$ cat entry07.cif   # mmCIF, N, CA and C atoms
data_work
#
loop_
_atom_site.label_atom_id
_atom_site.label_comp_id
_atom_site.auth_asym_id
_atom_site.auth_seq_id
_atom_site.Cartn_x
_atom_site.Cartn_y
_atom_site.Cartn_z
N MET A 16 0.83 -1.18 0.00
CA MET A 16 0.00 0.00 0.00
C MET A 16 0.87 1.25 0.00
N ALA A 17 1.98 1.17 0.72
CA ALA A 17 2.88 2.32 0.75
C ALA A 17 3.41 2.62 -0.66
N ALA A 18 3.77 1.57 -1.39
CA ALA A 18 4.27 1.76 -2.75
C ALA A 18 3.20 2.39 -3.64
N PHE A 19 1.96 1.96 -3.47
CA PHE A 19 0.85 2.55 -4.24
C PHE A 19 0.73 4.04 -3.94
N LEU A 20 0.78 4.40 -2.66
CA LEU A 20 0.61 5.80 -2.27
C LEU A 20 1.79 6.66 -2.70
N GLU A 21 2.99 6.06 -2.76
CA GLU A 21 4.18 6.82 -3.15
C GLU A 21 4.36 6.92 -4.66
N ASP A 22 3.65 6.10 -5.41
CA ASP A 22 3.77 6.10 -6.87
C ASP A 22 3.38 7.47 -7.42
N THR A 23 4.16 7.95 -8.38
CA THR A 23 3.88 9.28 -8.96
C THR A 23 2.56 9.32 -9.71
N ALA A 24 2.06 8.16 -10.17
CA ALA A 24 0.77 8.12 -10.87
C ALA A 24 -0.41 8.25 -9.91
N THR A 25 -0.19 8.02 -8.63
CA THR A 25 -1.27 8.10 -7.64
C THR A 25 -1.48 9.55 -7.24
N GLN A 26 -2.72 9.99 -7.33
CA GLN A 26 -3.07 11.37 -7.02
C GLN A 26 -4.14 11.43 -5.94
N LEU A 27 -4.02 12.41 -5.05
CA LEU A 27 -5.10 12.65 -4.10
C LEU A 27 -6.27 13.23 -4.86
N ILE A 28 -7.46 12.74 -4.57
CA ILE A 28 -8.65 13.27 -5.23
C ILE A 28 -9.50 13.98 -4.19
N ASP A 29 -10.40 14.80 -4.66
CA ASP A 29 -11.26 15.56 -3.77
C ASP A 29 -12.24 14.63 -3.06
N ASN A 30 -12.29 14.74 -1.75
CA ASN A 30 -13.26 14.00 -0.95
C ASN A 30 -14.24 15.04 -0.41
N PRO A 31 -15.47 15.06 -0.89
CA PRO A 31 -16.42 16.10 -0.47
C PRO A 31 -16.81 16.00 1.01
N PHE A 32 -16.60 14.84 1.62
CA PHE A 32 -16.93 14.65 3.03
C PHE A 32 -15.75 14.01 3.76
N PRO A 33 -14.66 14.77 3.95
CA PRO A 33 -13.46 14.17 4.53
C PRO A 33 -13.54 13.91 6.04
N SER A 34 -14.42 14.59 6.74
CA SER A 34 -14.49 14.45 8.19
C SER A 34 -15.46 13.34 8.57
N ALA A 35 -15.06 12.56 9.56
CA ALA A 35 -15.93 11.48 10.06
C ALA A 35 -15.56 11.19 11.50
N ARG A 36 -16.42 10.52 12.18
CA ARG A 36 -16.15 10.00 13.53
C ARG A 36 -15.79 8.53 13.37
N ALA A 37 -15.03 8.00 14.30
CA ALA A 37 -14.56 6.62 14.21
C ALA A 37 -15.71 5.62 14.05
N ALA A 38 -16.77 5.78 14.83
CA ALA A 38 -17.89 4.83 14.76
C ALA A 38 -18.57 4.88 13.39
N ALA A 39 -18.75 6.07 12.85
CA ALA A 39 -19.38 6.20 11.53
C ALA A 39 -18.49 5.61 10.45
N ALA A 40 -17.19 5.89 10.52
CA ALA A 40 -16.26 5.36 9.52
C ALA A 40 -16.24 3.83 9.57
N ARG A 41 -16.27 3.27 10.76
CA ARG A 41 -16.27 1.80 10.89
C ARG A 41 -17.54 1.22 10.27
N SER A 42 -18.67 1.81 10.54
CA SER A 42 -19.94 1.33 9.99
C SER A 42 -19.95 1.43 8.47
N ILE A 43 -19.51 2.56 7.96
CA ILE A 43 -19.48 2.77 6.51
C ILE A 43 -18.56 1.76 5.84
N TRP A 44 -17.37 1.55 6.41
CA TRP A 44 -16.41 0.65 5.79
C TRP A 44 -16.75 -0.82 5.96
N ALA A 45 -17.48 -1.16 7.00
CA ALA A 45 -17.96 -2.55 7.12
C ALA A 45 -18.93 -2.83 5.97
N GLY A 46 -19.82 -1.90 5.69
CA GLY A 46 -20.75 -2.04 4.57
C GLY A 46 -20.07 -1.98 3.23
N ARG A 47 -19.13 -1.06 3.09
CA ARG A 47 -18.42 -0.92 1.82
C ARG A 47 -17.60 -2.18 1.52
N GLY A 48 -16.99 -2.74 2.55
CA GLY A 48 -16.22 -3.97 2.36
C GLY A 48 -17.11 -5.10 1.87
N PHE A 49 -18.30 -5.21 2.47
CA PHE A 49 -19.26 -6.23 2.03
C PHE A 49 -19.63 -6.01 0.57
N ASP A 50 -19.93 -4.78 0.22
CA ASP A 50 -20.32 -4.46 -1.15
C ASP A 50 -19.20 -4.75 -2.14
N LEU A 51 -17.97 -4.36 -1.80
CA LEU A 51 -16.85 -4.59 -2.71
C LEU A 51 -16.62 -6.07 -2.94
N ARG A 52 -16.66 -6.86 -1.87
CA ARG A 52 -16.48 -8.31 -2.03
C ARG A 52 -17.62 -8.91 -2.85
N ALA A 53 -18.84 -8.46 -2.63
CA ALA A 53 -19.99 -8.97 -3.37
C ALA A 53 -19.87 -8.67 -4.87
N MET A 54 -19.23 -7.56 -5.20
CA MET A 54 -19.05 -7.19 -6.61
C MET A 54 -17.82 -7.86 -7.22
N GLY A 55 -17.04 -8.57 -6.41
CA GLY A 55 -15.86 -9.24 -6.93
C GLY A 55 -14.63 -8.36 -6.95
N ALA A 56 -14.63 -7.29 -6.19
CA ALA A 56 -13.47 -6.41 -6.13
C ALA A 56 -12.50 -6.91 -5.05
N GLU A 57 -11.22 -6.79 -5.34
CA GLU A 57 -10.21 -7.13 -4.34
C GLU A 57 -10.04 -5.94 -3.40
N ILE A 58 -9.77 -6.24 -2.13
CA ILE A 58 -9.57 -5.18 -1.15
C ILE A 58 -8.49 -5.63 -0.17
N ALA A 59 -7.57 -4.73 0.12
CA ALA A 59 -6.49 -5.02 1.07
C ALA A 59 -6.57 -4.04 2.23
N GLY A 60 -6.28 -4.54 3.41
CA GLY A 60 -6.21 -3.67 4.58
C GLY A 60 -7.52 -3.45 5.30
N LEU A 61 -8.61 -4.03 4.81
CA LEU A 61 -9.92 -3.77 5.40
C LEU A 61 -10.00 -4.27 6.84
N ALA A 62 -9.56 -5.49 7.10
CA ALA A 62 -9.64 -6.03 8.46
C ALA A 62 -8.83 -5.18 9.44
N ASP A 63 -7.64 -4.76 9.02
CA ASP A 63 -6.81 -3.92 9.89
C ASP A 63 -7.45 -2.55 10.10
N LEU A 64 -8.03 -1.99 9.04
CA LEU A 64 -8.70 -0.69 9.16
C LEU A 64 -9.87 -0.79 10.13
N LEU A 65 -10.71 -1.81 9.97
CA LEU A 65 -11.87 -1.95 10.86
C LEU A 65 -11.43 -2.18 12.30
N GLY A 66 -10.37 -2.94 12.50
CA GLY A 66 -9.84 -3.15 13.85
C GLY A 66 -9.32 -1.87 14.47
N ALA A 67 -8.61 -1.08 13.67
CA ALA A 67 -8.08 0.20 14.17
C ALA A 67 -9.21 1.16 14.51
N LEU A 68 -10.23 1.20 13.67
CA LEU A 68 -11.37 2.08 13.94
C LEU A 68 -12.14 1.62 15.18
N ALA A 69 -12.26 0.32 15.37
CA ALA A 69 -12.97 -0.22 16.54
C ALA A 69 -12.22 0.08 17.83
N ALA A 70 -10.90 0.19 17.75
CA ALA A 70 -10.09 0.45 18.94
C ALA A 70 -10.16 1.91 19.39
N LEU A 71 -10.65 2.78 18.53
CA LEU A 71 -10.75 4.20 18.87
C LEU A 71 -12.06 4.49 19.60
N PRO A 72 -12.09 5.55 20.40
CA PRO A 72 -13.37 5.98 20.96
C PRO A 72 -14.34 6.30 19.81
N ALA A 73 -15.61 5.97 19.98
CA ALA A 73 -16.60 6.14 18.91
C ALA A 73 -16.66 7.57 18.38
N SER A 74 -16.43 8.54 19.25
CA SER A 74 -16.56 9.95 18.84
C SER A 74 -15.24 10.55 18.35
N GLU A 75 -14.21 9.74 18.20
CA GLU A 75 -12.90 10.24 17.74
C GLU A 75 -13.03 10.85 16.35
N PRO A 76 -12.66 12.13 16.18
CA PRO A 76 -12.74 12.74 14.85
C PRO A 76 -11.60 12.26 13.95
N LEU A 77 -11.92 12.02 12.70
CA LEU A 77 -10.94 11.54 11.72
C LEU A 77 -11.07 12.31 10.42
N ILE A 78 -10.02 12.23 9.63
CA ILE A 78 -10.00 12.80 8.28
C ILE A 78 -9.74 11.65 7.32
N GLU A 79 -10.53 11.57 6.25
CA GLU A 79 -10.33 10.54 5.23
C GLU A 79 -9.79 11.18 3.97
N GLU A 80 -8.59 10.78 3.58
CA GLU A 80 -8.01 11.21 2.31
C GLU A 80 -8.19 10.07 1.32
N VAL A 81 -8.45 10.40 0.06
CA VAL A 81 -8.67 9.39 -0.97
C VAL A 81 -7.63 9.60 -2.07
N ALA A 82 -6.93 8.51 -2.41
CA ALA A 82 -5.92 8.56 -3.47
C ALA A 82 -6.32 7.56 -4.56
N ARG A 83 -6.09 7.94 -5.81
CA ARG A 83 -6.51 7.08 -6.92
C ARG A 83 -5.42 7.03 -7.98
N SER A 84 -5.31 5.85 -8.58
CA SER A 84 -4.44 5.65 -9.73
C SER A 84 -5.10 4.61 -10.61
N GLY A 85 -5.56 5.03 -11.77
CA GLY A 85 -6.25 4.10 -12.67
C GLY A 85 -7.46 3.49 -11.99
N PRO A 86 -7.57 2.15 -12.00
CA PRO A 86 -8.74 1.50 -11.42
C PRO A 86 -8.62 1.24 -9.91
N HIS A 87 -7.58 1.77 -9.29
CA HIS A 87 -7.34 1.49 -7.87
C HIS A 87 -7.53 2.74 -7.01
N THR A 88 -8.06 2.53 -5.82
CA THR A 88 -8.33 3.62 -4.89
C THR A 88 -7.87 3.22 -3.50
N ALA A 89 -7.29 4.16 -2.79
CA ALA A 89 -6.91 3.95 -1.39
C ALA A 89 -7.60 5.00 -0.54
N SER A 90 -8.21 4.55 0.53
CA SER A 90 -8.79 5.46 1.52
C SER A 90 -7.88 5.43 2.74
N VAL A 91 -7.38 6.59 3.10
CA VAL A 91 -6.44 6.70 4.20
C VAL A 91 -7.10 7.50 5.32
N PHE A 92 -7.22 6.89 6.49
CA PHE A 92 -7.81 7.59 7.63
C PHE A 92 -6.70 8.13 8.51
N LEU A 93 -6.81 9.43 8.79
CA LEU A 93 -5.83 10.14 9.61
C LEU A 93 -6.51 10.68 10.86
N SER A 94 -5.70 10.90 11.89
CA SER A 94 -6.24 11.58 13.07
C SER A 94 -6.63 12.99 12.65
N ALA A 95 -7.49 13.63 13.41
CA ALA A 95 -8.01 14.95 13.04
C ALA A 95 -6.91 15.98 12.84
N ASP A 96 -5.80 15.84 13.56
CA ASP A 96 -4.68 16.78 13.40
C ASP A 96 -3.72 16.34 12.30
N ARG A 97 -4.07 15.24 11.61
CA ARG A 97 -3.26 14.66 10.54
C ARG A 97 -1.89 14.20 11.03
N GLY A 98 -1.79 13.96 12.32
CA GLY A 98 -0.52 13.58 12.92
C GLY A 98 -0.22 12.09 12.85
N ARG A 99 -1.23 11.25 12.66
CA ARG A 99 -0.98 9.81 12.57
C ARG A 99 -1.97 9.16 11.61
N VAL A 100 -1.50 8.10 10.99
CA VAL A 100 -2.35 7.30 10.12
C VAL A 100 -3.05 6.27 10.99
N VAL A 101 -4.37 6.24 10.90
CA VAL A 101 -5.16 5.27 11.66
C VAL A 101 -5.26 3.96 10.89
N GLY A 102 -5.50 4.03 9.60
CA GLY A 102 -5.61 2.83 8.78
C GLY A 102 -5.81 3.16 7.32
N VAL A 103 -5.62 2.15 6.48
CA VAL A 103 -5.71 2.32 5.03
C VAL A 103 -6.43 1.10 4.43
N ALA A 104 -7.28 1.34 3.47
CA ALA A 104 -7.88 0.27 2.68
C ALA A 104 -7.61 0.58 1.21
N LEU A 105 -7.12 -0.40 0.49
CA LEU A 105 -6.82 -0.27 -0.94
C LEU A 105 -7.72 -1.24 -1.69
N TYR A 106 -8.41 -0.74 -2.71
CA TYR A 106 -9.30 -1.60 -3.47
C TYR A 106 -9.28 -1.22 -4.94
N GLY A 107 -9.71 -2.17 -5.76
CA GLY A 107 -9.76 -1.94 -7.19
C GLY A 107 -11.17 -2.10 -7.71
N LYS A 108 -11.32 -1.80 -8.97
CA LYS A 108 -12.63 -2.03 -9.61
C LYS A 108 -12.85 -3.53 -9.71
N PRO A 109 -14.11 -3.96 -9.75
CA PRO A 109 -14.40 -5.40 -9.86
C PRO A 109 -13.65 -6.04 -11.02
N GLY A 110 -13.05 -7.20 -10.75
CA GLY A 110 -12.31 -7.94 -11.77
C GLY A 110 -10.90 -7.46 -12.00
N THR A 111 -10.46 -6.44 -11.27
CA THR A 111 -9.12 -5.90 -11.43
C THR A 111 -8.26 -6.30 -10.23
N ALA A 112 -7.12 -6.91 -10.49
CA ALA A 112 -6.22 -7.31 -9.41
C ALA A 112 -5.58 -6.07 -8.78
N LEU A 113 -5.26 -6.18 -7.52
CA LEU A 113 -4.57 -5.08 -6.85
C LEU A 113 -3.14 -4.99 -7.36
N PRO A 114 -2.56 -3.80 -7.38
CA PRO A 114 -1.21 -3.63 -7.93
C PRO A 114 -0.14 -4.22 -7.02
N GLY A 115 0.56 -5.21 -7.52
CA GLY A 115 1.72 -5.75 -6.82
C GLY A 115 1.46 -6.21 -5.41
N PHE A 116 0.22 -6.57 -5.11
CA PHE A 116 -0.11 -6.97 -3.75
C PHE A 116 -0.01 -8.48 -3.63
N THR A 117 0.76 -8.92 -2.68
CA THR A 117 0.84 -10.34 -2.38
C THR A 117 0.34 -10.52 -0.96
N PRO A 118 -0.77 -11.23 -0.78
CA PRO A 118 -1.27 -11.42 0.57
C PRO A 118 -0.24 -12.15 1.43
N PRO A 119 -0.18 -11.83 2.71
CA PRO A 119 0.78 -12.52 3.57
C PRO A 119 0.44 -14.01 3.64
N ARG A 120 1.48 -14.80 3.67
CA ARG A 120 1.28 -16.24 3.75
C ARG A 120 0.83 -16.61 5.16
N THR A 121 -0.10 -17.51 5.22
CA THR A 121 -0.50 -18.00 6.53
C THR A 121 0.47 -19.10 6.92
N ARG A 122 0.90 -19.03 8.13
CA ARG A 122 1.85 -20.04 8.59
C ARG A 122 1.08 -21.25 9.09
N ARG A 123 1.44 -22.36 8.54
CA ARG A 123 0.82 -23.60 9.00
C ARG A 123 1.68 -24.18 10.09
N ARG A 124 1.04 -24.53 11.15
CA ARG A 124 1.78 -25.16 12.24
C ARG A 124 1.89 -26.65 11.96
N THR A 125 3.08 -27.14 12.09
CA THR A 125 3.27 -28.57 11.97
C THR A 125 3.56 -29.10 13.35
N ARG A 126 3.00 -30.23 13.63
CA ARG A 126 3.22 -30.82 14.95
C ARG A 126 4.41 -31.75 14.89
N SER A 127 5.28 -31.56 15.82
CA SER A 127 6.40 -32.48 15.93
C SER A 127 5.94 -33.67 16.78
N PRO A 128 6.61 -34.81 16.66
CA PRO A 128 6.21 -35.96 17.48
C PRO A 128 6.25 -35.65 18.97
N ALA A 129 7.21 -34.85 19.40
CA ALA A 129 7.30 -34.51 20.82
C ALA A 129 6.11 -33.68 21.26
N ALA A 130 5.69 -32.76 20.40
CA ALA A 130 4.57 -31.90 20.77
C ALA A 130 3.29 -32.70 20.91
N SER A 131 3.05 -33.66 19.99
CA SER A 131 1.82 -34.43 20.09
C SER A 131 1.86 -35.37 21.29
N ALA A 132 3.03 -35.88 21.63
CA ALA A 132 3.14 -36.74 22.81
C ALA A 132 2.86 -35.95 24.08
N GLN A 133 3.28 -34.72 24.11
CA GLN A 133 3.03 -33.88 25.28
C GLN A 133 1.54 -33.61 25.45
N LEU A 134 0.81 -33.55 24.37
CA LEU A 134 -0.61 -33.25 24.44
C LEU A 134 -1.47 -34.49 24.66
N ASP A 135 -0.90 -35.67 24.49
CA ASP A 135 -1.66 -36.90 24.65
C ASP A 135 -1.69 -37.29 26.12
N LEU A 136 -2.68 -36.82 26.83
CA LEU A 136 -2.77 -37.05 28.28
C LEU A 136 -3.06 -38.50 28.64
N PHE A 137 -3.59 -39.26 27.70
CA PHE A 137 -3.99 -40.63 28.00
C PHE A 137 -3.06 -41.66 27.36
N ALA A 138 -1.89 -41.26 26.93
CA ALA A 138 -0.96 -42.17 26.26
C ALA A 138 -0.58 -43.34 27.14
N ASP A 139 -0.38 -43.13 28.44
CA ASP A 139 0.04 -44.20 29.35
C ASP A 139 -1.09 -45.16 29.68
N LEU A 140 -2.33 -44.78 29.46
CA LEU A 140 -3.46 -45.62 29.82
C LEU A 140 -3.83 -46.61 28.72
N ARG A 141 -3.24 -46.49 27.57
CA ARG A 141 -3.57 -47.38 26.45
C ARG A 141 -2.84 -48.68 26.54
#
$ encode --input "entry07.cif" --output "structure tokens"
Amino acid sequence: MAAFLEDTATQLIDNPFPSARAAAARSIWAGRGFDLRAMGAEIAGLADLLGALAALPASEPLIEEVARSGPHTASVFLSADRGRVVGVALYGKPGTALPGFTPPRTRRRTRSPAASAQLDLFADLR
């Protein structure tokens, strides 16, 4: 997402309603995320954004900046004084892959024989 925002082709666009409260932004983005997924659009950062918004007091004032490059858009939520980034969601038009985004790999836990033996409380009773 940082590379997208730093790209020279990415431009800030006018947001007619940049001010929001944390609770309203969370509600709006929960719905928007549902809509984007239903339309088949890829979205990155939504879970982290919603978590960050949920962690704030409901009445916390925020500023939403919107950046766009081609079919991709990023919504960046900042504290009211623009001193910190609260969260970012990057999404594309339906059917368009996100630019250079590779989802983090989920780590699969493998059980070693020692670990499973430690968890087998009834091994001696067999």
$ resolve_selection --input "entry07.cif" --expression "the PyMOL selection byres ((chain A and resi 68-71) around 7)" --output "ChimeraX atom specification"
/A:37-38,40-41,63-67,72-75,101-102
$ resolve_selection --input "entry07.cif" --expression "the PyMOL selection byres ((chain A and resi 89-92) around 6.5)" --output "number ranges by chain"
A: 77-84, 87-88, 93-94, 99-106
$ residues_around --input "entry07.cif" --residues "region 50-53 of chain A" --least-positions-apart "6" --cutoff "8 Å" --atoms "all atoms listed in the file" --output "list in words"
Trp44, Gly107 and Pro109 of chain A
$ atom_distance --input "entry07.cif" --atom1 "CA of Asp22 (chain A)" --atom2 "CA of Gly46 (chain A)"
28.3 Å
$ atom_distance --input "entry07.cif" --atom1 "atom N of Thr111 (chain A)" --atom2 "atom C of Leu61 (chain A)"
18.2 Å
$ atom_distance --input "entry07.cif" --atom1 "CA of Ala95 (chain A)" --atom2 "CA of Pro31 (chain A)"
16.0 Å
$ closest_residue --input "entry07.cif" --among "A:Pro76, A:Gly110, A:Gly85, A:Gly115" --to "Arg36 (chain A)" --atoms "only C-alpha atoms"
A:Pro76
$ decode --input "entry07.cif" --residues "region 103-117 of chain A" --atoms "N, CA and C atoms" --output "PDB file, in the first residue's frame"
ATOM      1  N   VAL A 103      -5.619   2.146   6.481  1.00  0.00           N
ATOM      2  CA  VAL A 103      -5.715   2.319   5.029  1.00  0.00           C
ATOM      3  C   VAL A 103      -6.425   1.105   4.431  1.00  0.00           C
ATOM      4  N   ALA A 104      -7.278   1.344   3.472  1.00  0.00           N
ATOM      5  CA  ALA A 104      -7.878   0.275   2.676  1.00  0.00           C
ATOM      6  C   ALA A 104      -7.613   0.583   1.205  1.00  0.00           C
ATOM      7  N   LEU A 105      -7.122  -0.403   0.488  1.00  0.00           N
ATOM      8  CA  LEU A 105      -6.822  -0.274  -0.936  1.00  0.00           C
ATOM      9  C   LEU A 105      -7.724  -1.243  -1.692  1.00  0.00           C
ATOM     10  N   TYR A 106      -8.407  -0.736  -2.707  1.00  0.00           N
ATOM     11  CA  TYR A 106      -9.304  -1.600  -3.468  1.00  0.00           C
ATOM     12  C   TYR A 106      -9.276  -1.217  -4.938  1.00  0.00           C
ATOM     13  N   GLY A 107      -9.706  -2.165  -5.758  1.00  0.00           N
ATOM     14  CA  GLY A 107      -9.756  -1.937  -7.195  1.00  0.00           C
ATOM     15  C   GLY A 107     -11.167  -2.099  -7.709  1.00  0.00           C
ATOM     16  N   LYS A 108     -11.324  -1.805  -8.970  1.00  0.00           N
ATOM     17  CA  LYS A 108     -12.625  -2.029  -9.605  1.00  0.00           C
ATOM     18  C   LYS A 108     -12.852  -3.535  -9.711  1.00  0.00           C
ATOM     19  N   PRO A 109     -14.113  -3.961  -9.752  1.00  0.00           N
ATOM     20  CA  PRO A 109     -14.396  -5.396  -9.858  1.00  0.00           C
ATOM     21  C   PRO A 109     -13.651  -6.044 -11.025  1.00  0.00           C
ATOM     22  N   GLY A 110     -13.046  -7.202 -10.747  1.00  0.00           N
ATOM     23  CA  GLY A 110     -12.313  -7.939 -11.766  1.00  0.00           C
ATOM     24  C   GLY A 110     -10.901  -7.455 -11.998  1.00  0.00           C
ATOM     25  N   THR A 111     -10.457  -6.443 -11.266  1.00  0.00           N
ATOM     26  CA  THR A 111      -9.117  -5.897 -11.429  1.00  0.00           C
ATOM     27  C   THR A 111      -8.265  -6.295 -10.229  1.00  0.00           C
ATOM     28  N   ALA A 112      -7.120  -6.908 -10.494  1.00  0.00           N
ATOM     29  CA  ALA A 112      -6.221  -7.305  -9.410  1.00  0.00           C
ATOM     30  C   ALA A 112      -5.583  -6.067  -8.784  1.00  0.00           C
ATOM     31  N   LEU A 113      -5.260  -6.181  -7.520  1.00  0.00           N
ATOM     32  CA  LEU A 113      -4.574  -5.080  -6.851  1.00  0.00           C
ATOM     33  C   LEU A 113      -3.143  -4.995  -7.357  1.00  0.00           C
ATOM     34  N   PRO A 114      -2.559  -3.800  -7.379  1.00  0.00           N
ATOM     35  CA  PRO A 114      -1.212  -3.630  -7.931  1.00  0.00           C
ATOM     36  C   PRO A 114      -0.135  -4.218  -7.023  1.00  0.00           C
ATOM     37  N   GLY A 115       0.561  -5.211  -7.523  1.00  0.00           N
ATOM     38  CA  GLY A 115       1.717  -5.750  -6.817  1.00  0.00           C
ATOM     39  C   GLY A 115       1.456  -6.211  -5.405  1.00  0.00           C
ATOM     40  N   PHE A 116       0.225  -6.573  -5.113  1.00  0.00           N
ATOM     41  CA  PHE A 116      -0.106  -6.975  -3.752  1.00  0.00           C
ATOM     42  C   PHE A 116      -0.015  -8.483  -3.631  1.00  0.00           C
ATOM     43  N   THR A 117       0.765  -8.923  -2.679  1.00  0.00           N
ATOM     44  CA  THR A 117       0.840 -10.341  -2.376  1.00  0.00           C
ATOM     45  C   THR A 117       0.337 -10.524  -0.958  1.00  0.00           C
TER      46      THR A 117
END
